[in-house]
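Novice: So that you have it, the file is protein_11.cif, and it contains mmCIF, C-alpha atoms:
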data_protein
loop_
_atom_site.label_atom_id
_atom_site.label_comp_id
_atom_site.auth_asym_id
_atom_site.auth_seq_id
_atom_site.Cartn_x
_atom_site.Cartn_y
_atom_site.Cartn_z
CA MET A 1 0.00 0.00 0.00
CA LYS A 2 2.81 2.38 0.96
CA ARG A 3 4.60 1.64 -2.33
CA ALA A 4 1.40 2.30 -4.32
CA LEU A 5 0.94 5.66 -2.56
CA THR A 6 4.56 6.58 -3.33
CA VAL A 7 4.06 5.74 -7.03
CA LEU A 8 0.84 7.77 -7.11
CA ALA A 9 2.52 10.73 -5.42
CA LEU A 10 5.41 10.59 -7.90
CA ALA A 11 3.02 10.42 -10.84
CA ALA A 12 1.01 13.37 -9.49
CA SER A 13 4.13 15.49 -8.98
CA THR A 14 5.35 14.67 -12.50
CA LEU A 15 1.96 15.64 -13.96
CA ALA A 16 1.91 18.88 -11.96
CA ALA A 17 5.41 19.77 -13.16
CA ALA A 18 4.47 19.06 -16.78
CA THR A 19 1.33 21.17 -16.63
CA SER A 20 2.96 24.05 -14.75
CA GLN A 21 5.29 24.95 -17.62
CA ALA A 22 4.11 28.17 -19.19
CA ALA A 23 3.05 28.17 -22.81
CA PRO A 24 4.97 30.41 -25.22
CA VAL A 25 3.78 34.02 -25.42
CA TYR A 26 3.70 35.84 -28.76
CA TYR A 27 4.14 39.52 -29.54
CA ARG A 28 4.08 41.75 -32.63
CA ALA A 29 5.73 45.10 -33.21
CA VAL A 30 4.58 47.22 -36.14
CA ALA A 31 7.41 49.65 -36.85
CA SER A 32 7.26 52.87 -38.87
CA GLY A 33 8.84 56.30 -39.10
CA PRO A 34 5.84 58.13 -37.61
CA ALA A 35 6.12 55.84 -34.54
CA GLU A 36 9.60 57.18 -33.70
CA ASP A 37 9.94 59.46 -30.67
CA ILE A 38 10.71 62.24 -33.15
CA PRO A 39 8.36 61.18 -35.98
CA ASN A 40 9.77 61.10 -39.50
CA GLY A 41 8.39 60.50 -42.97
CA SER A 42 10.28 57.28 -43.67
CA PRO A 43 8.52 54.93 -46.10
CA GLY A 44 10.13 52.04 -44.20
CA SER A 45 8.12 49.44 -42.35
CA SER A 46 8.45 46.25 -40.35
CA VAL A 47 6.09 43.81 -38.68
CA SER A 48 8.31 41.97 -36.23
CA ALA A 49 7.29 38.78 -34.44
CA PHE A 50 8.58 37.76 -31.02
CA GLU A 51 8.06 34.60 -29.03
CA ILE A 52 9.05 34.17 -25.39
CA ASP A 53 9.20 30.52 -24.40
CA ASP A 54 10.46 30.17 -20.84
CA LEU A 55 13.81 32.00 -21.09
CA ILE A 56 14.20 31.85 -24.87
CA LEU A 57 13.30 34.94 -26.89
CA ARG A 58 12.88 34.32 -30.62
CA ALA A 59 12.80 37.30 -32.96
CA GLU A 60 11.81 37.61 -36.62
CA VAL A 61 12.38 41.14 -37.90
CA PRO A 62 11.66 41.68 -41.60
CA PHE A 63 12.04 45.25 -42.86
CA ARG A 64 11.69 47.11 -46.15
CA ASP A 65 11.73 50.47 -47.94
CA LEU A 66 14.14 52.22 -45.56
CA SER A 67 15.32 55.61 -46.80
CA SER A 68 19.01 54.81 -46.22
CA PRO A 69 21.20 51.82 -45.29
CA THR A 70 20.92 50.18 -41.88
CA ILE A 71 23.60 50.78 -39.25
CA SER A 72 22.15 48.88 -36.24
CA ALA A 73 19.00 47.53 -34.61
CA HIS A 74 17.99 46.54 -31.09
CA ILE A 75 15.26 46.02 -28.55
CA HIS A 76 14.99 49.05 -26.27
CA CYS A 77 13.60 48.81 -22.74
CA CYS A 78 11.95 50.05 -20.61
CA THR A 79 9.97 53.24 -21.23
CA VAL A 80 8.15 54.91 -18.35
CA ASP A 81 4.87 55.01 -20.27
CA ALA A 82 3.28 52.46 -22.57
CA PHE A 83 3.69 53.23 -26.28
CA GLY A 84 5.76 56.35 -25.66
CA GLY A 85 9.09 57.76 -24.62
CA VAL A 86 12.59 56.45 -25.13
CA ALA A 87 14.62 53.79 -23.39
CA PRO A 88 18.17 52.45 -23.55
CA VAL A 89 19.21 49.41 -25.56
CA ALA A 90 18.31 46.18 -23.77
CA ILE A 91 19.22 43.54 -26.37
CA PRO A 92 21.43 44.38 -29.33
CA PHE A 93 20.71 42.55 -32.58
CA ASN A 94 24.13 41.12 -33.35
CA ASP A 95 24.56 40.08 -36.99
CA PHE A 96 21.69 42.34 -38.07
CA PRO A 97 21.93 42.96 -41.85
CA LEU A 98 23.87 46.21 -42.30
CA GLN A 99 24.19 48.62 -45.22
CA VAL A 100 20.86 47.51 -46.73
CA THR A 101 17.42 49.09 -47.01
CA ALA A 102 15.45 45.83 -46.90
CA GLY A 103 15.99 42.38 -45.48
CA ALA A 104 15.16 40.10 -42.57
CA TYR A 105 16.73 39.21 -39.25
CA THR A 106 16.02 36.03 -37.30
CA ALA A 107 17.63 35.16 -33.98
CA SER A 108 17.12 33.37 -30.68
CA PHE A 109 18.27 34.89 -27.40
CA ASP A 110 18.88 33.08 -24.14
CA LEU A 111 17.43 35.43 -21.53
CA GLY A 112 19.29 33.48 -18.84
CA ASP A 113 22.66 34.41 -20.36
CA PRO A 114 24.14 37.75 -19.20
CA ALA A 115 25.90 38.12 -22.58
CA THR A 116 22.49 38.52 -24.25
CA TYR A 117 21.97 41.95 -22.72
CA ASN A 118 23.53 45.34 -23.20
CA PRO A 119 25.84 45.63 -20.14
CA ASP A 120 24.22 48.93 -19.06
CA PHE A 121 20.74 47.39 -19.17
CA LEU A 122 21.95 44.39 -17.17
CA ALA A 123 23.57 46.64 -14.54
CA ALA A 124 20.50 48.89 -14.30
CA ASN A 125 18.27 45.86 -13.65
CA GLY A 126 20.01 44.20 -10.72
CA GLY A 127 23.09 42.87 -12.55
CA THR A 128 21.70 39.35 -13.03
CA PRO A 129 20.00 37.82 -16.06
CA GLN A 130 17.13 36.67 -13.83
CA LEU A 131 16.29 40.25 -12.84
CA ALA A 132 16.99 41.63 -16.32
CA SER A 133 14.76 39.02 -17.99
CA GLY A 134 11.98 39.79 -15.50
CA ALA A 135 12.19 43.50 -16.32
CA LEU A 136 12.20 42.80 -20.07
CA ILE A 137 9.23 40.42 -19.95
CA ASP A 138 7.28 42.86 -17.76
CA ALA A 139 8.04 45.60 -20.31
CA PHE A 140 6.87 43.40 -23.21
CA ASN A 141 3.61 42.80 -21.33
CA GLY A 142 3.27 46.49 -20.45
CA ASN A 143 4.00 47.81 -23.99
CA GLN A 144 7.17 49.47 -22.73
CA ALA A 145 9.71 47.70 -24.97
CA TYR A 146 10.25 48.47 -28.63
CA VAL A 147 12.28 47.37 -31.63
CA ASN A 148 14.24 50.14 -33.33
CA ILE A 149 16.07 50.06 -36.66
CA HIS A 150 18.71 52.75 -37.09
CA THR A 151 19.95 53.97 -40.48
CA ALA A 152 22.58 56.30 -41.86
CA ARG A 153 19.97 59.02 -42.40
CA TYR A 154 18.19 58.52 -39.07
CA THR A 155 20.95 57.54 -36.65
CA GLY A 156 18.58 57.86 -33.69
CA GLY A 157 16.16 55.40 -35.31
CA GLU A 158 14.32 55.37 -38.64
CA ILE A 159 11.49 53.00 -37.73
CA ARG A 160 10.32 51.65 -34.39
CA GLY A 161 7.41 49.65 -33.01
CA PHE A 162 6.32 48.71 -29.50
CA ALA A 163 5.82 45.05 -28.67
CA VAL A 164 2.16 44.12 -28.22
CA ALA A 165 0.81 40.74 -27.11
CA ALA A 166 -0.48 38.78 -30.09
CA PRO A 167 -2.21 35.56 -28.99
CA ILE A 168 -2.10 32.75 -31.53
CA PRO A 169 -5.38 30.81 -31.69
CA GLU A 170 -5.17 27.07 -31.16
CA PRO A 171 -5.96 24.85 -34.20
CA HIS A 172 -9.30 23.78 -32.69
CA THR A 173 -10.22 27.49 -32.34
CA TRP A 174 -9.61 28.01 -36.07
CA ALA A 175 -11.68 24.91 -36.86
CA MET A 176 -14.59 26.10 -34.70
CA MET A 177 -14.41 29.57 -36.24
CA GLY A 178 -14.44 28.07 -39.76
CA LEU A 179 -17.41 25.87 -38.88
CA GLY A 180 -19.27 28.84 -37.41
CA LEU A 181 -18.61 31.00 -40.48
CA GLY A 182 -19.74 28.15 -42.73
CA MET A 183 -23.01 27.84 -40.79
CA LEU A 184 -23.60 31.59 -40.98
CA ALA A 185 -23.01 31.52 -44.74
CA LEU A 186 -25.48 28.64 -45.11
CA LEU A 187 -28.13 30.46 -43.03
CA ALA A 188 -27.59 33.67 -44.99
CA ARG A 189 -27.99 31.80 -48.27
CA ARG A 190 -31.25 30.23 -47.13
CA ARG A 191 -32.61 33.52 -45.81
CA PHE A 192 -31.82 35.49 -48.96
CA THR A 193 -32.86 32.95 -51.58
CA PRO A 194 -34.64 34.95 -54.30
CA GLN A 195 -38.38 34.38 -54.44
CA THR A 196 -40.12 34.14 -57.81
CA ARG A 197 -42.84 36.71 -58.28
CA LEU A 198 -46.23 35.85 -59.60
CA ALA A 199 -47.24 37.72 -62.70
CA LYS A 200 -50.22 40.07 -62.25
#
When written as structure tokens, how does the structure in this file appear?

Specialist:
Amino acid sequence: MKRALTVLALAASTLAAATSQAAPVYYRAVASGPAEDIPNGSPGSSVSAFEIDDLILRAEVPFRDLSSPTISAHIHCCTVDAFGGVAPVAIPFNDFPLQVTAGAYTASFDLGDPATYNPDFLAANGGTPQLASGALIDAFNGNQAYVNIHTARYTGGEIRGFAVAAPIPEPHTWAMMGLGLGMLALLARRRFTPQTRLAK
């Protein structure tokens, strides 16, 4: 009996540990010239995608139509207000495509590694990656972190966009939505079936 209880307790603890892991969280950042702290008329744009899965940050940063070649890009954190103000560099985008006006950048960052962060950001947030990652994730959730692409013409930043939570629907959600839209279309078709008029 004691052995059976031990096995059950072990199984329950394993199940609890498996279910306690947080699911990945997704964000989008729509970057433009008018979104800069000093707005500009750049035709450039970017819709960046970020995923935070435990302590791994994945970034996909496509960009196009910049007015001059790129010189750097980063994630800045943390502004005092949501969607406004400026902040220092938190995570530099190493190996970002330079001297181009269009391209794409994809990278994964280990938020548990102190080398991921700008040293000033790390020092300002307790000096440990645990505290720095907590500040960064809180800023992502509070719309106080932004991606910024700097160019030769706009050295302070040509386009920027604040990170905003972007939940990804589960496959069964898409299926239910498709089924619901199909039923609505069928009902609409039945309701608006043309009636033949009787001649007078």

Novice: What's the 8 Å shell around A:Tyr146, counting only C-alpha atoms, without same-chain residues fewer than 5 positions away, as a CSV table (one decimal) with C-alpha atoms, in the frame of the given file?

Specialist:
chain,number,residue,atom,x,y,z
A,29,ALA,CA,5.7,45.1,-33.2
A,75,ILE,CA,15.3,46.0,-28.6
A,76,HIS,CA,15.0,49.0,-26.3
A,77,CYS,CA,13.6,48.8,-22.7
A,160,ARG,CA,10.3,51.6,-34.4
A,161,GLY,CA,7.4,49.6,-33.0
A,162,PHE,CA,6.3,48.7,-29.5
A,163,ALA,CA,5.8,45.0,-28.7

Novice: Neighbours of A:Pro24 within 12 Å (all atoms listed in the file; same-chain residues fewer than 2 positions away dropped), as an NGL selection string?

Specialist: :A and (21-22 or 26-27 or 50-58 or 165-168)

Novice: So which residues get picked by the PyMOL selection byres ((chain A and resi 139) around 10) here, written as a VMD selection string?

Specialist: chain A and resid 76 to 82 133 to 138 140 to 146 162 to 164

Novice: I'd like the interatomic distance between atom CA of A:Leu111 and atom CA of A:Ser46, to a tenth of an Å.

Specialist: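 Spanning atom CA of A:Leu111 to atom CA of A:Ser46 is a straight-line distance of 23.5 Å.
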
Novice: How many Å separate atom CA of A:Gly44 from atom CA of A:Asn118?

Specialist: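 Interatomic distance, atom CA of A:Gly44 to atom CA of A:Asn118: 25.8 Å.
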
Novice: So which residues touch stretch 93-110 of chain A within 7 Å, counting all atoms listed in the file, skipping near sequence neighbours fewer than 3 positions away, as a list in words?

Specialist: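 Answer for this query is Leu55, Ile56, Leu57, Arg58, Ala59, Glu60, Val61, Pro62, Phe63, Arg64, Asp65, Leu66, Ser67, Ser68, Pro69, Thr70, Ile71, Ser72, Ala73, His74, Asp113 and Thr116 of chain A.
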
Novice: Which distance in Å separates atom CA of A:Ile159 and atom CA of A:Pro88, to one decimal?

Specialist: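 Distance between the two atoms: 15.7 Å.
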
Novice: Kindly indicate which residue among A:Val25, A:Gly33, A:Ala123, A:Phe83 lies nearest to A:Thr151, using only C-alpha atoms for the distances.

Specialist: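 The shortest atom-to-atom distance to A:Thr151 comes from A:Gly33.
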
Novice: Mind checking which residues fall within 7 Å of stretch 119-122 of chain A, counting all atoms listed in the file, ignoring those fewer than 5 positions away in the same chain, and posting them as JSON, numbers by chain?

Specialist: {"A": [89, 90, 127, 128, 129, 132]}
